[in-house]
Amino acid sequence: MSAVTFEAVNGYSNMYWGWGGEDDDMAERLQSIGVRIVRSADVVGRYTTLAHHPQIRSLARWEILDRALRRKDFDGLGSLHYTRLALKQTSLMTHILVDLVSTN
């Protein structure tokens, strides 16, 4: 998705920790502004999940997801607080390491 679209939906929610729900939340945000999600056939595009350690499922994901659109305007990019620790640019990507700052 473009940066303009990402900013229009206020980015990803900051409510999800562990595994589960953040992709469904983003889908609801995108659909709320009229973005149609298209899943291409395997012959057009596909992906492979990178190897990773199993994550703990978020037990609160369904409750959080139920209120996704009510939080969209104040939960996301606009409420994200962090300190940048490192920045590394390569020809294919930019890696940014941050420390999340609690606002509680």
# chains A, B, ... in the order shown; residues from 1 in each chain; ligands from 1
>>> select_by_dssp(residues="segment 7-95 of chain A", states="strand (DSSP E)", output="list in words")
Tyr82, Thr83, Arg84, Leu85, Ala86, Leu87, Lys88, Gln89, Thr94 and His95 of chain A
>>> residues_around(residues="Leu59 of chain A", least_positions_apart="6", cutoff="12 Å", atoms="only C-alpha atoms", output="number ranges by chain")
A: 16-21, 65
>>> write_last_selection(atoms="N, CA and C atoms", output="compact mmCIF listing (two decimals), in the first residue's frame")
# COMPACT_ATOMS: atom_id res chain seq x y z
N TYR A 16 -2.26 -4.33 19.58
CA TYR A 16 -2.03 -5.76 19.43
C TYR A 16 -0.61 -6.12 19.83
N TRP A 17 -0.49 -7.05 20.77
CA TRP A 17 0.80 -7.58 21.20
C TRP A 17 0.68 -9.09 21.17
N GLY A 18 1.72 -9.76 20.70
CA GLY A 18 1.61 -11.20 20.50
C GLY A 18 1.10 -11.44 19.09
N TRP A 19 0.50 -12.58 18.87
CA TRP A 19 0.08 -12.97 17.54
C TRP A 19 -1.43 -12.84 17.39
N GLY A 20 -1.86 -12.19 16.31
CA GLY A 20 -3.26 -12.24 15.95
C GLY A 20 -4.02 -10.93 16.02
N GLY A 21 -4.77 -10.67 14.95
CA GLY A 21 -5.71 -9.56 14.93
C GLY A 21 -5.28 -8.33 14.17
N LEU A 65 -10.34 -6.28 18.30
CA LEU A 65 -10.80 -6.19 16.92
C LEU A 65 -12.24 -5.70 16.82
>>> residues_around(residues="Ala8 of chain A", least_positions_apart="4", cutoff="12 Å", atoms="only C-alpha atoms", output="PyMOL selection string")
chain A and resi 1-4+12+26+29-35+72-73+76-78
>>> closest_residue(among="A:Gln55, A:Ser40, A:Thr5, A:Ser13", to="Phe74 of chain A", atoms="only C-alpha atoms")
A:Ser13
>>> closest_residue(among="A:Ile96, A:Asn14, A:Leu50, A:Ile64", to="Leu80 of chain A", atoms="only C-alpha atoms")
A:Asn14
>>> closest_residue(among="A:Leu69, A:Leu85, A:Ala27, A:Val44", to="Leu100 of chain A", atoms="only C-alpha atoms")
A:Leu85
>>> residues_around(residues="Ala86 of chain A", least_positions_apart="3", cutoff="9 Å", atoms="only C-alpha atoms", output="list in words")
His95, Ile96, Leu97 and Val98 of chain A
>>> closest_residue(among="A:Ala51, A:Arg71, A:Arg84, A:Ala41", to="Asp25 of chain A", atoms="only C-alpha atoms")
A:Arg71
>>> atom_distance(atom1="atom CA of Phe6 of chain A", atom2="atom CA of Tyr82 of chain A")
18.3 Å
>>> closest_residue(among="A:Ser58, A:Gln89, A:Thr94, A:Ser79", to="Glu22 of chain A", atoms="only C-alpha atoms")
A:Ser58
>>> select_by_dssp(residues="chain A", states="helix (DSSP H, G or I)", output="short mmCIF file (atom, residue, chain, number, x, y, z; two decimals) with N, CA and C atoms, in the first residue's frame")
data_model
loop_
_atom_site.label_atom_id
_atom_site.label_comp_id
_atom_site.auth_asym_id
_atom_site.auth_seq_id
_atom_site.Cartn_x
_atom_site.Cartn_y
_atom_site.Cartn_z
N ALA A 3 2.20 5.04 0.99
CA ALA A 3 2.35 5.78 2.23
C ALA A 3 1.12 6.66 2.48
N VAL A 4 0.55 7.21 1.41
CA VAL A 4 -0.65 8.06 1.54
C VAL A 4 -1.81 7.26 2.12
N THR A 5 -2.02 6.05 1.62
CA THR A 5 -3.09 5.19 2.13
C THR A 5 -2.81 4.78 3.56
N PHE A 6 -1.57 4.41 3.85
CA PHE A 6 -1.18 4.01 5.20
C PHE A 6 -1.46 5.14 6.20
N GLU A 7 -1.12 6.36 5.83
CA GLU A 7 -1.38 7.50 6.70
C GLU A 7 -2.87 7.81 6.80
N ALA A 8 -3.62 7.58 5.73
CA ALA A 8 -5.06 7.86 5.74
C ALA A 8 -5.81 6.99 6.73
N GLU A 22 -3.98 -8.04 14.13
CA GLU A 22 -3.53 -6.79 13.51
C GLU A 22 -3.83 -6.74 12.02
N ASP A 23 -3.78 -7.86 11.33
CA ASP A 23 -4.07 -7.86 9.90
C ASP A 23 -5.56 -7.65 9.63
N ASP A 24 -6.42 -8.23 10.46
CA ASP A 24 -7.86 -8.02 10.32
C ASP A 24 -8.24 -6.58 10.65
N ASP A 25 -7.58 -6.01 11.66
CA ASP A 25 -7.81 -4.62 12.04
C ASP A 25 -7.45 -3.70 10.87
N MET A 26 -6.29 -3.94 10.25
CA MET A 26 -5.87 -3.13 9.10
C MET A 26 -6.85 -3.28 7.95
N ALA A 27 -7.34 -4.49 7.70
CA ALA A 27 -8.31 -4.71 6.63
C ALA A 27 -9.57 -3.87 6.87
N GLU A 28 -10.04 -3.81 8.11
CA GLU A 28 -11.22 -3.00 8.43
C GLU A 28 -10.93 -1.51 8.21
N ARG A 29 -9.75 -1.07 8.60
CA ARG A 29 -9.37 0.34 8.39
C ARG A 29 -9.37 0.68 6.91
N LEU A 30 -8.77 -0.19 6.11
CA LEU A 30 -8.70 0.05 4.66
C LEU A 30 -10.09 0.06 4.03
N GLN A 31 -10.92 -0.90 4.39
CA GLN A 31 -12.27 -0.96 3.82
C GLN A 31 -13.10 0.25 4.23
N SER A 32 -12.82 0.80 5.43
CA SER A 32 -13.60 1.96 5.90
C SER A 32 -13.35 3.21 5.07
N ARG A 61 -7.43 -10.43 21.36
CA ARG A 61 -7.50 -9.96 19.97
C ARG A 61 -8.93 -9.78 19.47
N TRP A 62 -9.86 -10.66 19.85
CA TRP A 62 -11.23 -10.54 19.35
C TRP A 62 -11.92 -9.33 19.97
N GLU A 63 -11.66 -9.08 21.25
CA GLU A 63 -12.25 -7.91 21.91
C GLU A 63 -11.68 -6.62 21.33
N ILE A 64 -10.39 -6.60 21.07
CA ILE A 64 -9.75 -5.42 20.50
C ILE A 64 -10.26 -5.20 19.07
N LEU A 65 -10.34 -6.28 18.30
CA LEU A 65 -10.80 -6.19 16.92
C LEU A 65 -12.24 -5.70 16.82
N ASP A 66 -13.06 -6.08 17.79
CA ASP A 66 -14.47 -5.67 17.79
C ASP A 66 -14.62 -4.15 17.83
N ALA A 68 -12.28 -1.99 16.54
CA ALA A 68 -11.23 -1.47 15.65
C ALA A 68 -11.59 -0.13 15.03
N LEU A 69 -12.73 -0.01 14.41
CA LEU A 69 -13.07 1.22 13.70
C LEU A 69 -13.34 2.39 14.64
N ARG A 70 -13.76 2.10 15.86
CA ARG A 70 -13.98 3.19 16.82
C ARG A 70 -12.67 3.82 17.28
N ARG A 71 -11.56 3.06 17.18
CA ARG A 71 -10.25 3.56 17.62
C ARG A 71 -9.40 4.11 16.49
N LEU A 77 -0.60 5.58 13.99
CA LEU A 77 0.57 6.44 13.80
C LEU A 77 0.56 7.65 14.72
N GLY A 78 -0.60 8.24 14.88
CA GLY A 78 -0.70 9.46 15.68
C GLY A 78 -0.44 9.26 17.16
N SER A 79 -0.54 8.02 17.64
CA SER A 79 -0.33 7.76 19.07
C SER A 79 0.92 6.93 19.33
#
